[in-house]
>>> print(open('upload07.cif').read())   # mmCIF, C-alpha atoms
data_final
#
loop_
_atom_site.group_PDB
_atom_site.id
_atom_site.type_symbol
_atom_site.label_atom_id
_atom_site.label_comp_id
_atom_site.auth_asym_id
_atom_site.auth_seq_id
_atom_site.Cartn_x
_atom_site.Cartn_y
_atom_site.Cartn_z
ATOM 1 C CA MET D 28 48.662 1.206 18.954
ATOM 2 C CA THR D 29 46.945 4.567 18.599
ATOM 3 C CA SER D 30 47.074 4.290 14.817
ATOM 4 C CA ASN D 31 45.451 0.884 15.136
ATOM 5 C CA LEU D 32 42.679 2.405 17.217
ATOM 6 C CA ALA D 33 42.281 5.220 14.734
ATOM 7 C CA HIS D 34 42.090 2.675 11.944
ATOM 8 C CA ILE D 35 39.314 0.797 13.740
ATOM 9 C CA ALA D 36 37.440 4.005 14.496
ATOM 10 C CA GLU D 37 37.661 5.153 10.894
ATOM 11 C CA THR D 38 36.472 1.785 9.638
ATOM 12 C CA ALA D 39 33.561 1.828 12.072
ATOM 13 C CA ALA D 40 32.645 5.342 10.982
ATOM 14 C CA LEU D 41 32.722 4.282 7.349
ATOM 15 C CA LEU D 42 30.558 1.241 8.067
ATOM 16 C CA LEU D 43 28.081 3.418 9.918
ATOM 17 C CA ALA D 44 28.039 5.916 7.066
ATOM 18 C CA ALA D 45 27.462 3.120 4.544
ATOM 19 C CA TYR D 46 24.607 1.759 6.657
ATOM 20 C CA LEU D 47 22.985 5.165 7.002
ATOM 21 C CA ILE D 48 23.310 5.894 3.297
ATOM 22 C CA GLY D 49 21.705 2.507 2.619
ATOM 23 C CA CYS D 50 18.850 3.346 5.002
ATOM 24 C CA VAL D 51 18.173 6.653 3.300
ATOM 25 C CA LEU D 52 18.375 5.131 -0.189
ATOM 26 C CA GLY D 53 16.110 2.225 0.733
ATOM 27 C CA TYR D 54 13.531 4.484 2.321
ATOM 28 C CA ALA D 55 13.616 6.923 -0.585
ATOM 29 C CA ALA D 56 13.392 4.143 -3.178
ATOM 30 C CA ARG D 57 10.350 2.616 -1.535
ATOM 31 C CA ARG D 58 8.720 5.977 -1.028
ATOM 32 C CA ILE D 59 9.139 6.836 -4.689
ATOM 33 C CA LEU D 60 7.800 3.457 -5.781
ATOM 34 C CA HIS D 61 4.932 3.706 -3.292
ATOM 35 C CA ALA D 62 3.976 7.151 -4.543
ATOM 36 C CA GLY D 63 3.976 5.870 -8.092
ATOM 37 C CA ARG D 64 1.959 2.729 -7.625
ATOM 38 C CA GLY D 65 0.530 2.411 -4.166
ATOM 39 C CA THR D 66 2.787 -0.497 -3.337
ATOM 40 C CA ARG D 67 5.822 -1.968 -4.874
ATOM 41 C CA GLN D 68 4.223 -5.256 -5.919
ATOM 42 C CA ALA D 69 2.001 -4.954 -8.933
ATOM 43 C CA THR D 70 1.651 -8.597 -9.757
ATOM 44 C CA PRO D 71 -1.410 -9.790 -11.635
ATOM 45 C CA GLU D 72 -2.447 -11.872 -8.593
ATOM 46 C CA PRO D 73 -5.353 -9.626 -7.597
ATOM 47 C CA VAL D 74 -6.716 -9.877 -11.103
ATOM 48 C CA VAL D 75 -6.736 -13.640 -10.710
ATOM 49 C CA VAL D 76 -8.625 -13.199 -7.441
ATOM 50 C CA THR D 77 -11.207 -10.954 -9.095
ATOM 51 C CA ALA D 78 -11.686 -13.402 -11.899
ATOM 52 C CA ALA D 79 -11.973 -16.375 -9.580
ATOM 53 C CA ALA D 80 -13.983 -14.901 -6.724
ATOM 54 C CA PRO D 81 -17.164 -13.751 -8.461
ATOM 55 C CA GLU D 82 -17.735 -16.933 -10.458
ATOM 56 C CA PRO D 83 -18.920 -19.194 -7.636
ATOM 57 C CA ARG D 84 -21.138 -16.373 -6.363
ATOM 58 C CA ARG D 85 -23.050 -15.793 -9.569
ATOM 59 C CA PRO D 86 -25.362 -18.791 -9.431
ATOM 60 C CA ARG D 87 -26.145 -18.206 -5.757
ATOM 61 C CA SER D 88 -29.246 -16.098 -6.086
ATOM 62 C CA PRO D 89 -31.227 -14.313 -8.757
ATOM 63 C CA ALA D 90 -31.114 -11.156 -6.634
ATOM 64 C CA ALA D 91 -27.353 -11.217 -6.689
ATOM 65 C CA ARG D 92 -27.345 -11.594 -10.464
ATOM 66 C CA LEU D 93 -29.795 -8.746 -10.756
ATOM 67 C CA ALA D 94 -27.597 -6.546 -8.594
ATOM 68 C CA ALA D 95 -24.629 -7.411 -10.790
ATOM 69 C CA SER D 96 -26.489 -6.349 -13.882
ATOM 70 C CA VAL D 97 -27.353 -2.938 -12.453
ATOM 71 C CA ASP D 98 -24.917 -0.275 -13.616
ATOM 72 C CA GLU D 99 -25.322 2.197 -10.763
ATOM 73 C CA PRO D 100 -24.815 1.155 -7.120
ATOM 74 C CA PRO D 101 -27.705 1.769 -4.724
ATOM 75 C CA PRO D 102 -27.714 5.298 -3.288
ATOM 76 C CA PRO D 103 -25.573 5.490 -0.155
ATOM 77 C CA ALA D 104 -28.113 7.701 1.622
ATOM 78 C CA LYS D 105 -30.383 4.703 2.067
ATOM 79 C CA ALA D 106 -27.578 2.640 3.516
ATOM 80 C CA LYS D 107 -26.695 5.507 5.835
ATOM 81 C CA ILE D 108 -30.041 5.394 7.539
ATOM 82 C CA SER D 109 -30.673 1.692 7.870
ATOM 83 C CA ASP D 110 -27.408 -0.159 7.422
ATOM 84 C CA PRO D 111 -23.800 0.831 8.019
ATOM 85 C CA ARG D 112 -22.696 -1.610 5.361
ATOM 86 C CA PRO D 113 -21.670 0.016 2.092
ATOM 87 C CA ALA D 114 -23.224 -0.849 -1.243
ATOM 88 C CA ILE D 115 -21.642 -4.085 -2.364
ATOM 89 C CA LEU D 116 -21.741 -5.992 -5.594
ATOM 90 C CA PRO D 117 -21.635 -9.741 -6.015
ATOM 91 C CA ALA D 118 -19.415 -9.311 -9.054
ATOM 92 C CA PRO D 119 -17.666 -6.452 -10.828
ATOM 93 C CA ARG D 120 -19.841 -4.548 -13.273
ATOM 94 C CA GLY D 121 -19.087 -5.573 -16.805
ATOM 95 C CA GLY D 122 -16.897 -8.377 -15.470
ATOM 96 C CA ALA D 123 -13.951 -6.070 -14.890
ATOM 97 C CA ALA D 124 -13.058 -4.574 -11.534
ATOM 98 C CA ASP D 125 -11.410 -1.169 -11.224
ATOM 99 C CA ASN D 126 -7.817 -0.957 -10.157
ATOM 100 C CA LEU D 127 -8.409 0.022 -6.540
ATOM 101 C CA LYS D 128 -4.661 0.395 -6.077
ATOM 102 C CA GLN D 129 -5.020 3.792 -7.734
ATOM 103 C CA ILE D 130 -6.065 4.930 -4.269
ATOM 104 C CA LYS D 131 -2.970 5.609 -2.251
ATOM 105 C CA GLY D 132 -2.944 3.283 0.723
ATOM 106 C CA ILE D 133 -4.595 0.363 -1.056
ATOM 107 C CA GLY D 134 -2.188 -2.391 -1.987
ATOM 108 C CA PRO D 135 -2.767 -5.797 -3.552
ATOM 109 C CA LYS D 136 -3.770 -7.431 -0.250
ATOM 110 C CA ILE D 137 -6.272 -4.749 0.720
ATOM 111 C CA GLU D 138 -7.626 -4.699 -2.817
ATOM 112 C CA ALA D 139 -8.217 -8.446 -2.591
ATOM 113 C CA SER D 140 -9.917 -8.014 0.796
ATOM 114 C CA LEU D 141 -12.193 -5.301 -0.571
ATOM 115 C CA GLN D 142 -13.051 -7.415 -3.590
ATOM 116 C CA ALA D 143 -13.861 -10.324 -1.303
ATOM 117 C CA MET D 144 -16.281 -7.975 0.487
ATOM 118 C CA GLY D 145 -17.917 -7.018 -2.824
ATOM 119 C CA ILE D 146 -16.189 -3.713 -3.445
ATOM 120 C CA PHE D 147 -14.815 -3.681 -6.949
ATOM 121 C CA HIS D 148 -15.159 -0.129 -8.198
ATOM 122 C CA ILE D 149 -13.775 3.239 -7.236
ATOM 123 C CA ASP D 150 -17.225 4.817 -7.437
ATOM 124 C CA GLN D 151 -18.372 2.378 -4.747
ATOM 125 C CA ILE D 152 -15.747 3.771 -2.387
ATOM 126 C CA ALA D 153 -16.579 7.320 -3.505
ATOM 127 C CA GLY D 154 -20.149 6.730 -2.345
ATOM 128 C CA TRP D 155 -19.249 5.627 1.171
ATOM 129 C CA SER D 156 -20.856 7.530 4.022
ATOM 130 C CA LYS D 157 -19.186 8.020 7.396
ATOM 131 C CA ALA D 158 -21.034 4.978 8.726
ATOM 132 C CA ASN D 159 -19.862 2.945 5.739
ATOM 133 C CA VAL D 160 -16.265 4.015 6.374
ATOM 134 C CA ASP D 161 -16.565 3.025 10.032
ATOM 135 C CA TRP D 162 -18.069 -0.318 9.102
ATOM 136 C CA VAL D 163 -15.387 -1.213 6.552
ATOM 137 C CA ASP D 164 -12.720 0.060 8.920
ATOM 138 C CA ALA D 165 -14.015 -2.256 11.639
ATOM 139 C CA GLN D 166 -14.396 -5.202 9.256
ATOM 140 C CA LEU D 167 -10.809 -4.965 8.049
ATOM 141 C CA ALA D 168 -9.423 -3.902 11.477
ATOM 142 C CA PHE D 169 -7.865 -0.789 9.969
ATOM 143 C CA LYS D 170 -8.092 1.435 13.057
ATOM 144 C CA GLY D 171 -9.007 4.595 11.214
ATOM 145 C CA ARG D 172 -6.773 4.021 8.234
ATOM 146 C CA ILE D 173 -9.479 4.727 5.664
ATOM 147 C CA ARG D 174 -9.946 8.238 7.052
ATOM 148 C CA ARG D 175 -6.249 8.786 7.583
ATOM 149 C CA GLU D 176 -5.464 7.936 3.995
ATOM 150 C CA ARG D 177 -8.580 9.720 2.716
ATOM 151 C CA TRP D 178 -9.772 6.843 0.535
ATOM 152 C CA VAL D 179 -13.206 8.331 -0.049
ATOM 153 C CA GLU D 180 -11.820 11.715 -1.068
ATOM 154 C CA GLN D 181 -9.264 10.048 -3.308
ATOM 155 C CA ALA D 182 -11.974 7.870 -4.838
ATOM 156 C CA ARG D 183 -14.136 10.917 -5.506
ATOM 157 C CA GLU D 184 -11.265 12.688 -7.172
ATOM 158 C CA LEU D 185 -10.582 9.616 -9.278
ATOM 159 C CA SER D 186 -14.188 8.990 -10.214
ATOM 160 C CA GLY D 187 -15.083 12.644 -10.569
ATOM 161 C CA THR D 188 -18.221 12.381 -8.441
ATOM 162 C CA LYS D 189 -19.107 15.163 -6.034
ATOM 163 C CA ALA D 190 -21.605 13.374 -3.803
ATOM 164 C CA ASP D 191 -21.702 14.318 -0.162
ATOM 165 C CA ALA D 192 -21.192 11.686 2.515
ATOM 166 C CA MET E 7 42.556 10.302 14.679
ATOM 167 C CA ALA E 8 41.662 12.730 11.943
ATOM 168 C CA MET E 9 40.426 11.024 8.805
ATOM 169 C CA THR E 10 42.557 12.068 5.872
ATOM 170 C CA TRP E 11 41.696 11.637 2.237
ATOM 171 C CA ASN E 12 44.444 9.028 1.838
ATOM 172 C CA SER E 13 43.262 6.953 4.761
ATOM 173 C CA LEU E 14 39.677 7.149 3.486
ATOM 174 C CA VAL E 15 40.696 5.874 0.053
ATOM 175 C CA TYR E 16 42.774 3.160 1.675
ATOM 176 C CA LEU E 17 39.878 2.045 3.874
ATOM 177 C CA LEU E 18 37.427 2.126 0.992
ATOM 178 C CA GLY E 19 39.744 -0.038 -1.081
ATOM 179 C CA MET E 20 40.424 -2.391 1.782
ATOM 180 C CA TYR E 21 36.973 -2.818 3.250
ATOM 181 C CA TRP E 22 34.604 -2.105 0.389
ATOM 182 C CA PRO E 23 32.904 -5.526 0.624
ATOM 183 C CA TYR E 24 32.058 -4.861 4.263
ATOM 184 C CA LEU E 25 30.902 -1.358 3.431
ATOM 185 C CA ALA E 26 28.735 -2.747 0.646
ATOM 186 C CA GLY E 27 27.309 -5.248 3.127
ATOM 187 C CA ALA E 28 26.529 -2.510 5.634
ATOM 188 C CA GLY E 29 24.959 -0.485 2.834
ATOM 189 C CA ALA E 30 22.849 -3.463 1.777
ATOM 190 C CA ILE E 31 21.656 -3.989 5.351
ATOM 191 C CA GLY E 32 20.830 -0.300 5.563
ATOM 192 C CA LEU E 33 18.979 -0.532 2.279
ATOM 193 C CA VAL E 34 16.800 -3.348 3.592
ATOM 194 C CA VAL E 35 16.194 -1.558 6.903
ATOM 195 C CA GLY E 36 15.307 1.678 5.117
ATOM 196 C CA TRP E 37 13.039 -0.130 2.689
ATOM 197 C CA ARG E 38 11.188 -1.948 5.449
ATOM 198 C CA SER E 39 10.878 1.152 7.582
ATOM 199 C CA PHE E 40 8.576 2.671 4.983
ATOM 200 C CA ALA E 41 6.288 -0.359 4.888
ATOM 201 C CA PRO E 42 2.682 0.825 5.241
ATOM 202 C CA PRO E 43 0.943 -0.646 8.299
ATOM 203 C CA ARG E 44 -0.723 -3.942 7.492
ATOM 204 C CA PRO E 45 -4.225 -4.599 8.696
#
>>> encode(input="upload07.cif", output="structure tokens")
Amino acid sequence: MTSNLAHIAETAALLLAAYLIGCVLGYAARRILHAGRGTRQATPEPVVVTAAAPEPRRPRSPAARLAASVDEPPPPAKAKISDPRPAILPAPRGGAADNLKQIKGIGPKIEASLQAMGIFHIDQIAGWSKANVDWVDAQLAFKGRIRRERWVEQARELSGTKADA
Amino acid sequence: MAMTWNSLVYLLGMYWPYLAGAGAIGLVVGWRSFAPPRP
């Protein structure tokens, strides 16, 4: 009877150990993948979104087309004073959006959301002021995530710009 | 009550599918626990 109990206890301990080892391995695997890519899914879906989203916007207004043809985004200092909204583009410059997932914390879904807002390039994020960060944070209901994950700093490091916000 | 090497090997041989199942559940739980907060 006691050996039976011991048998059950040992089996339970082994099951628990297997579960815990699985937990640690799963967490570590995802952490490693997350550190490498931002998120584990790197499907070409967002690229499809970028290709599809700007097309219906192009014919909307001549001003939008003009803004798309401009290489540099408007200076963020102007937006800081009058408008908390960051500089947005109707379409990616040169027809190709940057891979925003290079910024740790941005995954495919957030990248798609940003692109839907008109943010396609890392230098756009690098130019965000504090007001811009607050505005985007509120728009996407991030609750301070942009600051926590230091998107702007990461974007500046990636784009090599040194502008002050 | 003490777990000997022999009993451990016996249990591993006997119950490895269950242990693998527990490990798989743990793997999923661990994986999901790292999920970044979604907006």
>>> interface_residues(input="upload07.cif", of="chain E", to="chain D", cutoff="6 Å", atoms="only C-alpha atoms", output="PyMOL selection string")
chain E and resi 7+25+28-29+32-33+35-37+40+45
>>> atom_distance(input="upload07.cif", atom1="atom CA of Gly122 of chain D", atom2="atom CA of Asp161 of chain D")
27.9 Å
>>> atom_distance(input="upload07.cif", atom1="atom CA of Arg38 of chain E", atom2="atom CA of Met20 of chain E")
29.5 Å
>>> closest_residue(input="upload07.cif", among="D:Glu138, D:Asp125, D:Asp150, D:Asp110", to="Glu180 of chain D", atoms="all atoms listed in the file")
D:Asp150
>>> axis_aligned_box(input="upload07.cif", around="segment 29-32 of chain E", padding_each_side="4 Å", output="AutoDock Vina command-line options")
--center_x 22.9 --center_y -2.1 --center_z 3.7 --size_x 12.1 --size_y 11.7 --size_z 11.8
>>> atom_distance(input="upload07.cif", atom1="atom CA of Ser186 of chain D", atom2="atom CA of Asn126 of chain D")
11.8 Å
>>> residues_around(input="upload07.cif", residues="Ile115 of chain D", least_positions_apart="4", cutoff="8 Å", atoms="only C-alpha atoms", output="NGL selection string")
:D and (100 or 144-146 or 151)
>>> closest_residue(input="upload07.cif", among="D:Ala124, D:Ile130, D:Ala118, D:Ala143", to="Gln166 of chain D", atoms="all atoms listed in the file")
D:Ala143
